[in-house]
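Data block for entry-v4.txt (compact mmCIF, C-alpha atoms and all ligand atoms):
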```
# COMPACT_ATOMS: atom_id res chain seq x y z
CA MET O 1 25.06 168.00 138.24
CA THR O 2 21.45 166.78 138.26
CA PRO O 3 20.51 163.17 139.13
CA ARG O 4 19.67 162.73 135.45
CA ALA O 5 23.16 163.78 134.35
CA TRP O 6 24.67 161.43 136.93
CA ALA O 7 22.46 158.64 135.61
CA LEU O 8 23.66 159.25 132.05
CA LEU O 9 27.27 159.21 133.22
CA THR O 10 26.69 156.02 135.26
CA LEU O 11 25.00 154.31 132.33
CA GLY O 12 27.96 155.18 130.10
CA GLY O 13 30.38 153.76 132.67
CA LEU O 14 28.36 150.55 133.09
CA VAL O 15 28.09 150.00 129.34
CA VAL O 16 31.87 150.45 128.94
CA ALA O 17 32.49 148.06 131.88
CA LEU O 18 30.10 145.52 130.32
CA LEU O 19 31.85 145.71 126.94
CA VAL O 20 35.27 145.32 128.59
CA ALA O 21 34.01 142.31 130.63
CA VAL O 22 32.52 140.73 127.49
CA ALA O 23 35.79 141.25 125.61
CA LEU O 24 37.95 139.85 128.43
CA LEU O 25 35.85 137.07 129.97
CA VAL O 26 34.13 135.48 126.97
CA PRO O 27 36.31 132.94 125.11
CA TRP O 28 36.11 134.47 121.64
CA SER O 29 38.50 132.04 119.93
CA ARG O 30 36.56 128.84 119.67
CA PRO O 31 38.00 125.37 119.19
CA PRO O 32 37.68 124.18 115.57
CA ALA O 33 34.56 122.23 114.53
CA PRO O 34 34.71 122.27 110.70
CA ARG O 35 31.38 122.11 108.85
CA ALA O 36 32.70 119.17 106.80
CA ASP O 37 33.17 117.20 110.04
CA GLN O 38 29.70 118.30 111.17
CA LEU O 39 28.11 116.96 107.99
CA ALA O 40 30.07 113.72 108.27
CA ALA O 41 28.92 113.38 111.89
CA LEU O 42 25.32 114.01 110.83
CA ARG O 43 25.61 111.20 108.24
CA ASP O 44 26.99 108.87 110.91
CA LEU O 45 24.00 109.39 113.21
CA PRO O 46 21.16 106.88 112.83
CA ALA O 47 18.61 108.36 110.38
CA GLU O 48 15.79 107.38 112.71
CA GLN O 49 17.35 109.32 115.60
CA VAL O 50 17.83 112.43 113.45
CA SER O 51 14.27 112.43 112.15
CA ARG O 52 12.85 111.78 115.63
CA GLY O 53 14.83 114.72 117.10
CA ARG O 54 13.65 116.97 114.26
CA ALA O 55 10.03 115.89 114.62
CA PHE O 56 10.15 116.47 118.39
CA HIS O 57 11.50 120.01 118.03
CA GLY O 58 9.07 120.70 115.20
CA ALA O 59 6.26 119.68 117.57
CA LEU O 60 7.57 121.91 120.37
CA ARG O 61 8.03 124.99 118.20
CA PRO O 62 4.38 126.17 117.91
CA ALA O 63 3.92 126.09 121.70
CA ALA O 64 7.21 127.89 122.32
CA TRP O 65 6.58 130.68 119.81
CA SER O 66 2.94 131.08 120.87
CA ALA O 67 4.00 131.44 124.52
CA LEU O 68 6.62 134.01 123.50
CA ALA O 69 4.10 135.98 121.42
CA VAL O 70 1.36 135.89 124.07
CA GLY O 71 3.84 136.88 126.79
CA LEU O 72 5.00 139.83 124.70
CA VAL O 73 1.47 140.95 123.78
CA VAL O 74 0.31 140.74 127.41
CA ALA O 75 3.34 142.71 128.63
CA VAL O 76 2.86 145.41 126.00
CA LEU O 77 -0.92 145.60 126.52
CA LEU O 78 -0.53 145.99 130.27
CA GLY O 79 2.48 148.28 130.12
CA LEU O 80 1.79 150.60 127.20
CA THR O 81 -1.89 151.17 127.94
CA PRO O 82 -3.55 152.23 131.24
CA LEU O 83 -4.80 148.63 131.69
CA GLY O 84 -1.84 147.49 133.79
CA GLY O 85 -2.02 150.52 136.05
CA ARG O 86 -5.71 149.86 136.61
CA LEU O 87 -4.96 146.22 137.51
CA VAL O 88 -2.41 147.37 140.12
CA GLU O 89 -4.94 149.85 141.52
CA LEU O 90 -7.69 147.22 141.61
CA VAL O 91 -5.52 144.76 143.54
CA GLY O 92 -4.54 147.48 146.03
CA ARG O 93 -8.11 148.72 146.56
CA PRO O 94 -9.15 146.28 149.34
CA PHE O 95 -6.17 147.63 151.30
CA GLY O 96 -7.21 151.24 150.86
CA GLY O 97 -4.78 151.64 147.96
CA HIS O 98 -1.81 151.45 150.35
CA TRP O 99 1.45 151.65 148.44
CA ILE O 100 2.74 148.36 149.87
CA ALA O 101 -0.37 146.51 148.66
CA GLN O 102 -0.10 148.14 145.24
CA ALA O 103 3.63 147.49 145.00
CA VAL O 104 3.73 143.89 146.24
CA LEU O 105 0.29 142.42 145.48
CA GLY O 106 -0.28 144.55 142.37
CA GLY O 107 3.22 143.72 141.13
CA LEU O 108 2.74 139.99 141.70
CA ALA O 109 -0.65 140.12 139.96
CA VAL O 110 0.98 141.64 136.87
CA MET O 111 3.73 138.99 136.91
CA PHE O 112 1.33 136.08 137.37
CA LEU O 113 -1.20 137.27 134.79
CA ALA O 114 1.35 136.66 132.04
CA ASP O 115 2.19 133.25 133.58
CA LEU O 116 -1.48 132.36 133.76
CA LEU O 117 -2.17 133.33 130.14
CA THR O 118 0.81 131.32 128.89
CA LEU O 119 -0.14 128.32 131.05
CA PRO O 120 -2.02 126.59 128.19
CA PHE O 121 1.20 126.64 126.15
CA ALA O 122 3.15 125.13 129.04
CA ALA O 123 0.55 122.36 129.19
CA TRP O 124 0.78 121.94 125.41
CA ARG O 125 4.56 121.61 125.74
CA ARG O 126 4.07 118.95 128.38
CA THR O 127 1.77 116.91 126.15
CA VAL O 128 4.52 116.93 123.49
CA LEU O 129 7.11 115.80 126.08
CA VAL O 130 4.79 112.98 127.16
CA ARG O 131 4.03 111.96 123.57
CA TYR O 132 7.75 111.63 122.87
CA GLY O 133 8.38 109.79 126.15
CA LEU O 134 10.62 112.51 127.62
CA SER O 135 8.39 113.38 130.57
CA THR O 136 7.88 110.70 133.19
CA GLN O 137 5.65 112.93 135.35
CA SER O 138 1.93 112.71 135.91
CA TRP O 139 -0.19 115.84 135.46
CA GLY O 140 -0.31 115.97 139.25
CA GLY O 141 3.47 115.98 139.57
CA TRP O 142 3.71 118.58 136.80
CA ALA O 143 1.20 120.80 138.60
CA VAL O 144 3.07 120.45 141.89
CA ASP O 145 6.35 121.46 140.21
CA LEU O 146 4.57 124.42 138.63
CA LEU O 147 3.14 125.55 141.97
CA LYS O 148 6.56 125.16 143.59
CA SER O 149 8.17 127.35 140.95
CA TYR O 150 5.36 129.92 141.31
CA ALA O 151 5.94 129.91 145.08
CA VAL O 152 9.69 130.47 144.61
CA SER O 153 9.03 133.37 142.17
CA ALA O 154 6.35 134.85 144.45
CA VAL O 155 8.70 134.94 147.44
CA ILE O 156 11.59 136.44 145.45
CA GLY O 157 9.23 138.77 143.57
CA ALA O 158 7.60 140.07 146.77
CA LEU O 159 10.98 140.78 148.37
CA VAL O 160 12.29 142.56 145.27
CA LEU O 161 9.09 144.61 144.82
CA LEU O 162 9.01 145.64 148.47
CA GLY O 163 12.71 146.50 148.46
CA PHE O 164 12.52 148.43 145.20
CA TYR O 165 9.49 150.59 146.07
CA THR O 166 10.82 151.24 149.59
CA VAL O 167 14.02 152.63 148.06
CA VAL O 168 11.97 154.65 145.55
CA ARG O 169 10.07 156.28 148.44
CA LEU O 170 13.15 156.93 150.54
CA ALA O 171 15.25 158.31 147.68
CA PRO O 172 12.86 159.64 145.01
CA ARG O 173 15.67 161.33 143.03
CA TRP O 174 18.41 158.73 143.44
CA TRP O 175 16.52 155.43 143.51
CA TRP O 176 18.10 154.41 140.21
CA ALA O 177 21.55 154.36 141.86
CA PHE O 178 20.39 152.14 144.74
CA GLY O 179 18.28 150.12 142.32
CA ALA O 180 21.27 149.47 140.06
CA ALA O 181 23.42 148.37 143.02
CA GLY O 182 20.54 146.23 144.33
CA ALA O 183 19.94 144.59 140.93
CA ALA O 184 23.64 143.73 140.65
CA ALA O 185 23.64 142.29 144.18
CA LEU O 186 20.49 140.32 143.39
CA VAL O 187 22.17 138.69 140.38
CA VAL O 188 25.07 137.61 142.61
CA VAL O 189 22.72 136.19 145.25
CA LEU O 190 20.58 134.41 142.66
CA SER O 191 23.54 132.74 140.96
CA PHE O 192 25.33 131.56 144.11
CA VAL O 193 22.77 131.22 146.87
CA LEU O 194 19.61 130.32 145.01
CA PRO O 195 20.83 127.06 143.42
CA VAL O 196 21.75 125.73 146.87
CA LEU O 197 18.36 126.78 148.32
CA VAL O 198 16.19 125.83 145.36
CA GLU O 199 17.74 122.53 144.22
CA PRO O 200 16.32 120.61 147.23
CA VAL O 201 12.82 121.98 146.49
CA PHE O 202 12.73 120.00 143.26
CA ASN O 203 15.12 117.06 143.75
CA ARG O 204 16.51 114.73 146.35
CA PHE O 205 20.24 114.13 146.44
CA THR O 206 22.06 111.07 147.70
CA PRO O 207 25.82 110.48 147.78
CA MET O 208 26.98 108.26 144.91
CA GLU O 209 27.75 104.76 146.14
CA PRO O 210 31.46 104.02 146.60
CA GLY O 211 32.85 102.20 143.56
CA PRO O 212 35.13 102.59 140.55
CA LEU O 213 33.04 105.41 138.99
CA ARG O 214 32.94 107.51 142.14
CA SER O 215 36.69 107.05 142.66
CA GLU O 216 37.39 107.91 139.01
CA LEU O 217 35.29 111.11 139.17
CA THR O 218 36.88 112.26 142.44
CA ALA O 219 40.39 111.46 141.16
CA MET O 220 39.74 113.29 137.87
CA ALA O 221 38.49 116.38 139.74
CA ALA O 222 41.62 116.37 141.92
CA ARG O 223 43.83 115.91 138.83
CA ASP O 224 42.07 118.86 137.23
CA GLY O 225 42.75 121.05 140.27
CA VAL O 226 39.00 121.35 141.00
CA PRO O 227 38.59 119.31 144.19
CA VAL O 228 35.00 118.35 145.01
CA ARG O 229 33.58 117.59 148.41
CA ASP O 230 31.09 115.02 147.24
CA VAL O 231 29.59 113.25 144.24
CA LEU O 232 25.79 113.29 144.48
CA VAL O 233 23.05 111.58 142.51
CA ALA O 234 19.83 113.55 141.84
CA ASP O 235 16.52 111.67 141.48
CA ALA O 236 15.74 113.40 138.18
CA SER O 237 13.98 110.29 136.87
CA ARG O 238 10.95 111.37 138.91
CA ARG O 239 10.14 113.90 136.20
CA THR O 240 12.23 113.27 133.14
CA SER O 241 14.12 110.70 131.15
CA ALA O 242 16.57 113.40 129.98
CA VAL O 243 20.17 113.04 131.20
CA ASN O 244 22.44 115.68 132.70
CA ALA O 245 25.13 116.48 135.26
CA TYR O 246 26.46 119.68 136.78
CA VAL O 247 28.90 121.07 139.31
CA SER O 248 27.49 123.41 141.95
CA GLY O 249 28.74 125.22 145.03
CA LEU O 250 32.01 127.07 145.52
CA GLY O 251 35.33 126.09 147.05
CA PRO O 252 34.78 123.76 150.00
CA THR O 253 31.08 123.22 149.20
CA ARG O 254 31.70 122.27 145.57
CA ARG O 255 29.96 119.08 144.51
CA VAL O 256 29.37 117.10 141.37
CA VAL O 257 25.71 116.25 140.76
CA VAL O 258 24.84 113.46 138.33
CA TYR O 259 21.26 112.69 137.25
CA ASP O 260 20.24 109.13 138.09
CA THR O 261 19.03 108.93 134.47
CA LEU O 262 22.59 109.52 133.24
CA LEU O 263 23.91 106.65 135.39
CA ARG O 264 21.22 104.36 134.04
CA GLU O 265 21.59 105.31 130.38
CA ALA O 266 25.30 105.89 129.84
CA GLU O 267 28.53 103.91 130.12
CA PRO O 268 30.76 104.92 133.06
CA ALA O 269 33.36 106.38 130.64
CA GLU O 270 30.63 108.59 129.17
CA VAL O 271 29.57 109.78 132.62
CA THR O 272 33.23 110.68 133.18
CA SER O 273 33.19 112.66 129.94
CA VAL O 274 30.08 114.60 130.99
CA VAL O 275 31.58 115.38 134.39
CA ALA O 276 34.87 116.47 132.72
CA HIS O 277 32.83 119.07 130.79
CA GLU O 278 31.24 120.27 134.04
CA LEU O 279 34.65 120.50 135.73
CA GLY O 280 35.65 122.76 132.83
CA HIS O 281 32.90 125.18 133.87
CA ALA O 282 34.14 125.12 137.47
CA LYS O 283 37.81 125.51 136.48
CA ASP O 284 37.16 128.43 134.11
CA ARG O 285 34.86 130.06 136.70
CA ASP O 286 32.03 130.25 134.19
CA VAL O 287 29.49 130.96 136.92
CA TRP O 288 31.55 134.03 137.81
CA THR O 289 31.66 135.12 134.17
CA GLY O 290 27.90 134.79 133.92
CA THR O 291 27.44 136.60 137.22
CA VAL O 292 29.71 139.53 136.34
CA LEU O 293 28.06 139.99 132.93
CA GLY O 294 24.60 139.56 134.45
CA ALA O 295 25.27 142.00 137.31
CA LEU O 296 26.65 144.72 135.00
CA GLY O 297 23.77 144.14 132.56
CA ALA O 298 21.16 144.34 135.33
CA ALA O 299 22.65 147.52 136.81
CA ALA O 300 22.79 149.15 133.36
CA ALA O 301 19.19 148.08 132.72
CA VAL O 302 17.93 149.78 135.91
CA VAL O 303 19.65 153.07 135.03
CA ALA O 304 18.38 152.83 131.44
CA LEU O 305 14.84 152.20 132.73
CA TYR O 306 15.07 155.34 134.87
CA LEU O 307 16.20 157.41 131.88
CA ILE O 308 13.67 155.96 129.42
CA GLY O 309 11.01 156.11 132.12
CA SER O 310 11.17 159.90 132.28
CA TRP O 311 10.06 160.15 128.66
CA THR O 312 6.63 161.81 128.86
CA PRO O 313 4.92 160.19 125.81
CA LEU O 314 5.65 156.75 127.26
CA LEU O 315 4.24 157.71 130.67
CA ARG O 316 1.18 159.15 128.98
CA LEU O 317 0.59 155.85 127.14
CA ALA O 318 0.65 154.00 130.46
CA GLY O 319 -1.49 156.65 132.15
CA VAL O 320 1.02 157.33 134.95
CA ASP O 321 2.88 160.43 136.18
CA SER O 322 6.18 158.74 136.98
CA ILE O 323 7.94 155.45 136.29
CA ALA O 324 8.66 155.27 140.04
CA GLN O 325 5.07 154.73 141.18
CA PRO O 326 3.73 151.17 141.71
CA ARG O 327 1.07 151.79 139.05
CA ALA O 328 3.90 152.11 136.51
CA PHE O 329 5.22 148.62 137.31
CA PRO O 330 3.50 147.11 134.22
CA LEU O 331 5.36 149.69 132.10
CA LEU O 332 8.64 148.55 133.69
CA ILE O 333 7.77 144.92 132.93
CA ALA O 334 6.92 145.77 129.30
CA LEU O 335 10.28 147.52 128.83
CA VAL O 336 12.14 144.66 130.53
CA THR O 337 10.34 142.07 128.39
CA VAL O 338 11.25 143.83 125.14
CA ALA O 339 14.86 144.36 126.29
CA GLY O 340 15.06 140.68 127.32
CA LEU O 341 13.94 139.57 123.87
CA LEU O 342 16.53 141.78 122.21
CA ALA O 343 19.26 140.44 124.51
CA THR O 344 18.38 136.76 123.91
CA PRO O 345 20.65 136.17 120.86
CA ALA O 346 23.62 137.90 122.54
CA GLN O 347 23.22 135.82 125.72
CA ALA O 348 22.91 132.65 123.64
CA LEU O 349 26.10 133.49 121.72
CA VAL O 350 28.08 134.05 124.93
CA SER O 351 26.71 130.80 126.37
CA ARG O 352 27.62 128.79 123.23
CA ARG O 353 31.20 130.05 123.37
CA ILE O 354 31.51 129.16 127.05
CA GLU O 355 30.04 125.68 126.42
CA ALA O 356 32.44 125.07 123.52
CA ARG O 357 35.33 125.90 125.86
CA ALA O 358 34.02 123.41 128.45
CA ASP O 359 33.86 120.78 125.68
CA ALA O 360 37.48 121.49 124.77
CA HIS O 361 38.34 121.14 128.46
CA ALA O 362 36.61 117.74 128.61
CA LEU O 363 38.51 116.53 125.53
CA ALA O 364 41.85 117.65 126.94
CA LEU O 365 41.15 116.30 130.45
CA THR O 366 39.97 112.85 129.36
CA GLY O 367 42.07 112.64 126.17
CA ASP O 368 39.25 110.44 124.90
CA PRO O 369 37.48 112.01 121.89
CA ALA O 370 35.87 108.70 120.92
CA THR O 371 33.98 108.46 124.22
CA PHE O 372 33.17 112.19 124.07
CA GLU O 373 31.58 111.64 120.67
CA ALA O 374 29.72 108.53 121.81
CA MET O 375 28.42 110.50 124.77
CA GLN O 376 27.22 113.35 122.52
CA ARG O 377 25.44 110.81 120.33
CA ARG O 378 23.79 109.30 123.38
CA LEU O 379 22.87 112.68 124.90
CA ALA O 380 21.27 113.69 121.62
CA GLY O 381 19.39 110.39 121.39
CA VAL O 382 18.10 110.34 124.96
CA ASN O 383 17.31 114.09 125.14
CA LEU O 384 15.77 114.01 121.61
CA ALA O 385 18.03 116.83 120.41
CA ASP O 386 17.80 118.10 116.87
CA PRO O 387 21.44 117.28 116.00
CA ASP O 388 21.71 120.06 113.40
CA PRO O 389 18.99 122.64 114.13
CA PRO O 390 18.02 125.44 111.69
CA ARG O 391 20.56 128.26 111.63
CA TRP O 392 18.08 131.00 112.66
CA GLU O 393 17.00 128.98 115.68
CA ARG O 394 20.62 128.38 116.71
CA LEU O 395 21.46 132.07 116.40
CA TRP O 396 18.29 133.11 118.24
CA SER O 397 18.46 130.96 121.33
CA ALA O 398 20.84 127.96 121.31
CA THR O 399 22.79 127.95 124.58
CA HIS O 400 24.99 125.00 123.54
CA PRO O 401 26.79 124.08 120.33
CA SER O 402 24.69 121.63 118.31
CA THR O 403 25.31 117.88 118.55
CA VAL O 404 27.09 117.80 115.18
CA GLU O 405 29.24 120.81 116.18
CA ARG O 406 30.27 119.02 119.37
CA MET O 407 31.00 115.78 117.49
CA ALA O 408 32.99 117.74 114.91
CA ALA O 409 35.00 119.39 117.70
CA ALA O 410 35.88 115.89 119.00
CA ARG O 411 36.94 114.79 115.51
CA ALA O 412 39.08 117.90 115.02
CA TYR O 413 40.67 117.32 118.45
CA ALA O 414 41.35 113.66 117.58
CA ARG O 415 43.07 114.72 114.35
CA GLU O 416 45.18 117.39 116.03
CA SER O 417 46.24 115.24 118.97
CA GLY O 418 46.73 112.13 116.84
CA ARG O 419 44.34 109.99 118.89
ZN ZN Z 501 28.05 123.01 130.00
```
As structure tokens, the full file:
Amino acid sequence: MTPRAWALLTLGGLVVALLVAVALLVPWSRPPAPRADQLAALRDLPAEQVSRGRAFHGALRPAAWSALAVGLVVAVLLGLTPLGGRLVELVGRPFGGHWIAQAVLGGLAVMFLADLLTLPFAAWRRTVLVRYGLSTQSWGGWAVDLLKSYAVSAVIGALVLLGFYTVVRLAPRWWWAFGAAGAAALVVVLSFVLPVLVEPVFNRFTPMEPGPLRSELTAMAARDGVPVRDVLVADASRRTSAVNAYVSGLGPTRRVVVYDTLLREAEPAEVTSVVAHELGHAKDRDVWTGTVLGALGAAAAVVALYLIGSWTPLLRLAGVDSIAQPRAFPLLIALVTVAGLLATPAQALVSRRIEARADAHALALTGDPATFEAMQRRLAGVNLADPDPPRWERLWSATHPSTVERMAAARAYARESGR
């Protein structure tokens, strides 16, 4: 069998494995949240809050869609014309066109060009956040955060580029197999190791002061069978007034992180409700679900890229001889960008189902739908959510059920459990 036949066989196997994982790991039966309850919940929200949330998201939309369009156009222009290949060559020229310079520096240049061209839209987004009082950061602080995130991507990007093109040189016929295994391993590393390494780059964490809330959260986690080592407070107020909480780490390193903004804005019972939702993610191993789906998807994508990348008309468009040469990196990015766009609604759907399950977990763990609903109302108010966003936008990219869906789920739970 040729490497190409093996690749086809591997791709088939990965796609089947992905479909099986999606069928088994994603909670397809969702807890009820009847539309009638959603509409009733919407009527119960203060009209001013609803219109403010809608206005905020209306103001964000042009920047978001422009950034998406520009990113796509740049990726396609660089990847499906010889322009990208020339950029890679140009960047490698001072180093005598050495493959490492082309692969790493050329690759980073392609990645950062798109970032640079969408920078005005990121700044536009920030002005909207400031206008609506959601950002508490100065332009300086915003720029520092941006540079930090560029630095993190540059380090990861350089390592991945160097690793990938080294493998391509060592195994010119079988790189796709090593690449697929490497991509899957990278997803695992990024979802478990990166949060622990990257969180401290952006935030400072301090243990929550001993008191009734800390004891309640620790006791609830133990009751839930998800023991946590510590309850930490993140200084999120340095950049945002938005509220949040999450559980990170595994087993003995597991910790609950609560934004300082949440402690300031919400009642203790509501904080408990938020943390109960996060414990649901830990208990149902949602990070594992995301990691397994992501790893299989990434491995399949690498093999698919290898197969599509041997299609001569495509190579001719990009002005390269083979998808495996550093000059073809822009073509890879273009294909990945298009595939990423196509995958967005599917990823959002999976995420919404997982979030709805964590909500159901919070309701069952606290047995307090009234507080859950009050917390949703507050979250929506503070984070300026559109409580009932347009259907197309929900289907395209919403990672969480809408505010009215979550309130309706609480009402349905209250009815069923007689609370
Ligand atoms: Zn969640």
TODO: All residues within 9 Å of ligand ZN 501 (chain Z) are required, counting only C-alpha atoms and all ligand atoms; please report them as a ChimeraX atom specification.
DONE: /O:245-246,274,277-278,280-281,351-352,354-359,400
Select all residues near (27.1, 116.2, 138.7) (cut-off 8 Å, inclusive, file coordinates), counting all atoms listed in the file, and output them as a CSV table (one decimal) with C-alpha atoms, in the frame of the given file.
```
chain,number,residue,atom,x,y,z
O,231,VAL,CA,29.6,113.2,144.2
O,232,LEU,CA,25.8,113.3,144.5
O,233,VAL,CA,23.0,111.6,142.5
O,244,ASN,CA,22.4,115.7,132.7
O,245,ALA,CA,25.1,116.5,135.3
O,246,TYR,CA,26.5,119.7,136.8
O,247,VAL,CA,28.9,121.1,139.3
O,248,SER,CA,27.5,123.4,142.0
O,255,ARG,CA,30.0,119.1,144.5
O,256,VAL,CA,29.4,117.1,141.4
O,257,VAL,CA,25.7,116.2,140.8
O,258,VAL,CA,24.8,113.5,138.3
O,259,TYR,CA,21.3,112.7,137.2
O,275,VAL,CA,31.6,115.4,134.4
O,278,GLU,CA,31.2,120.3,134.0
```
Open item on the list: Just to confirm, what's the straight-line distance from atom CA of Glu265 of chain O to atom CA of Leu213 of chain O in Å (one decimal)?
Closed with: 14.3 Å
- [ ] Give as a ChimeraX atom specification every residue, naming chains and numbers as the document does, that has an atom within 12 Å of (32.2, 137.8, 127.6), counting only C-alpha atoms.
- [x] /O:17-29,286-294,296-297,346-354
TODO: May I ask which of the residues O:Ala282, O:Val271, O:Ala158, O:Val196 is the closest one to Val228 of chain O, counting only C-alpha atoms?
DONE: O:Ala282
Open item on the list: One decimal, in Å: what's the spacing between atom CA of Leu8 of chain O and atom CA of Gly319 of chain O?
Closed with: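 About the pair atom CA of Leu8 of chain O and atom CA of Gly319 of chain O: they are 25.3 Å apart.
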Spatial neighbours of Gly182 of chain O, 10 Å, all atoms listed in the file, chain gap at least 4 places, as a CSV table (one decimal) with C-alpha atoms, keeping the file's coordinate frame:
```
chain,number,residue,atom,x,y,z
O,160,VAL,CA,12.3,142.6,145.3
O,163,GLY,CA,12.7,146.5,148.5
O,164,PHE,CA,12.5,148.4,145.2
O,167,VAL,CA,14.0,152.6,148.1
O,176,TRP,CA,18.1,154.4,140.2
O,177,ALA,CA,21.6,154.4,141.9
O,178,PHE,CA,20.4,152.1,144.7
O,186,LEU,CA,20.5,140.3,143.4
O,187,VAL,CA,22.2,138.7,140.4
O,188,VAL,CA,25.1,137.6,142.6
O,295,ALA,CA,25.3,142.0,137.3
O,298,ALA,CA,21.2,144.3,135.3
O,299,ALA,CA,22.6,147.5,136.8
O,302,VAL,CA,17.9,149.8,135.9
```
Task: Top pick for closest residue to Arg411 of chain O, considering O:Val16, O:Ala41, O:Leu117, O:Ile156 and counting all atoms listed in the file - done: O:Ala41
- [ ] Excluding Ala143 of chain O and residues on its chain fewer than 4 positions from it, collect all residues at most 12 Å away from it, counting all atoms listed in the file, and give them as a PyMOL selection string.
- [x] chain O and resi 119+122-123+126+137-139+147-150+239
Open item on the list: as a PyMOL selection string, please: the residues near Tyr132 of chain O (cut-off 10 Å, only C-alpha atoms, same-chain neighbours under 3 positions excluded).
Closed with: chain O and resi 52-53+55-56+59+126-129+135+384
Open item on the list: When you count all atoms listed in the file, which of these residues is closest to Gly85 of chain O: O:Glu199, O:Glu48, O:Asp321, O:Asp145?
Closed with: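 Going through O:Glu199, O:Glu48, O:Asp321, O:Asp145 one by one, the smallest distance to Gly85 of chain O is for O:Asp321.
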Task: Pick from O:Met375, O:Met407, O:Leu263, O:Leu170 nearest to Pro387 of chain O, counting only C-alpha atoms - done: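 Looking only at the distances to Pro387 of chain O, the closest residue turns out to be O:Met407.
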Mind running segment 303-405 of chain O against segment 108-115 of chain O at 9 Å and telling me each contacting residue's nearest atom pair with the distance in Å (one decimal), counting only C-alpha atoms, chain and number ascending, as a tab-separated table?
```
residue	atom	partner	partner_atom	distance
O:Phe329	CA	O:Val110	CA	8.2
O:Pro330	CA	O:Val110	CA	6.6
O:Ile333	CA	O:Met111	CA	8.2
```
Open item on the list: Just to confirm, what's the straight-line distance from atom CA of Arg54 of chain O to atom CA of Ala36 of chain O in Å (one decimal)?
Closed with: 20.6 Å
- [ ] Determine, counting only C-alpha atoms, which protein, DNA and RNA residues have an atom within 9 Å of an atom of Tyr165 of chain O; residues of the same chain fewer than 4 positions away are not included. Present the result as a list in words.
- [x]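 Once the nearby chain positions are removed, what remains is Trp99, Ile100, Ala103, Val104, Val160, Leu161, Arg169, Leu170, Trp175, Ala324, Gln325 and Pro326 of chain O.
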Quick one: 6 Å padding each side, axis-aligned, all listed atoms of segment 342-361 of chain O - centre and edge lengths in Å to one decimal, as AutoDock Vina command-line options?
```
--center_x 27.4 --center_y 131.3 --center_z 124.7 --size_x 33.8 --size_y 33.0 --size_z 19.6
```
Task: Nearest candidate to Glu216 of chain O (options O:Gly251, O:Pro268, O:Pro390, O:Pro401; using all atoms listed in the file) - done: O:Pro268
Open item on the list: Using all atoms listed in the file for the distances, tell me which of O:Val320, O:Leu72, O:Leu365, O:Leu194 is nearest to Gly225 of chain O.
Closed with: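 The shortest atom-to-atom distance to Gly225 of chain O comes from O:Leu365.
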As a tab-separated table (two decimals) with C-alpha atoms, in the frame of the given file, please: the residues near Ala269 of chain O (cut-off 8 Å, only C-alpha atoms, same-chain neighbours under 3 positions excluded).
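Result file follows (result.tsv):
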```tsv
chain	number	residue	atom	x	y	z
O	272	THR	CA	33.23	110.68	133.18
O	273	SER	CA	33.19	112.66	129.94
O	371	THR	CA	33.98	108.46	124.22
```
Just need segment 346-370 of chain O in a file, please: C-alpha atoms, as a JSON list (two decimals), in the first residue's frame.
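File written: part16.json
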```
[["chain", "number", "residue", "atom", "x", "y", "z"],
["O", 346, "ALA", "CA", -20.70, 22.30, 15.14],
["O", 347, "GLN", "CA", -18.28, 23.23, 17.93],
["O", 348, "ALA", "CA", -20.76, 25.79, 19.26],
["O", 349, "LEU", "CA", -23.56, 23.19, 19.29],
["O", 350, "VAL", "CA", -21.44, 20.69, 21.24],
["O", 351, "SER", "CA", -20.43, 23.42, 23.69],
["O", 352, "ARG", "CA", -24.06, 24.54, 24.25],
["O", 353, "ARG", "CA", -25.12, 20.98, 25.06],
["O", 354, "ILE", "CA", -22.26, 20.56, 27.52],
["O", 355, "GLU", "CA", -23.07, 23.91, 29.18],
["O", 356, "ALA", "CA", -26.76, 22.99, 29.49],
["O", 357, "ARG", "CA", -25.71, 19.79, 31.28],
["O", 358, "ALA", "CA", -23.53, 21.79, 33.70],
["O", 359, "ASP", "CA", -26.54, 24.05, 34.39],
["O", 360, "ALA", "CA", -28.66, 20.99, 35.16],
["O", 361, "HIS", "CA", -25.89, 19.81, 37.48],
["O", 362, "ALA", "CA", -25.89, 23.16, 39.31],
["O", 363, "LEU", "CA", -29.68, 23.03, 39.75],
["O", 364, "ALA", "CA", -29.56, 19.49, 41.12],
["O", 365, "LEU", "CA", -26.54, 20.16, 43.38],
["O", 366, "THR", "CA", -27.88, 23.36, 44.94],
["O", 367, "GLY", "CA", -31.59, 22.48, 44.68],
["O", 368, "ASP", "CA", -32.08, 26.23, 44.44],
["O", 369, "PRO", "CA", -33.57, 27.25, 41.06],
["O", 370, "ALA", "CA", -34.59, 30.69, 42.38]]
```
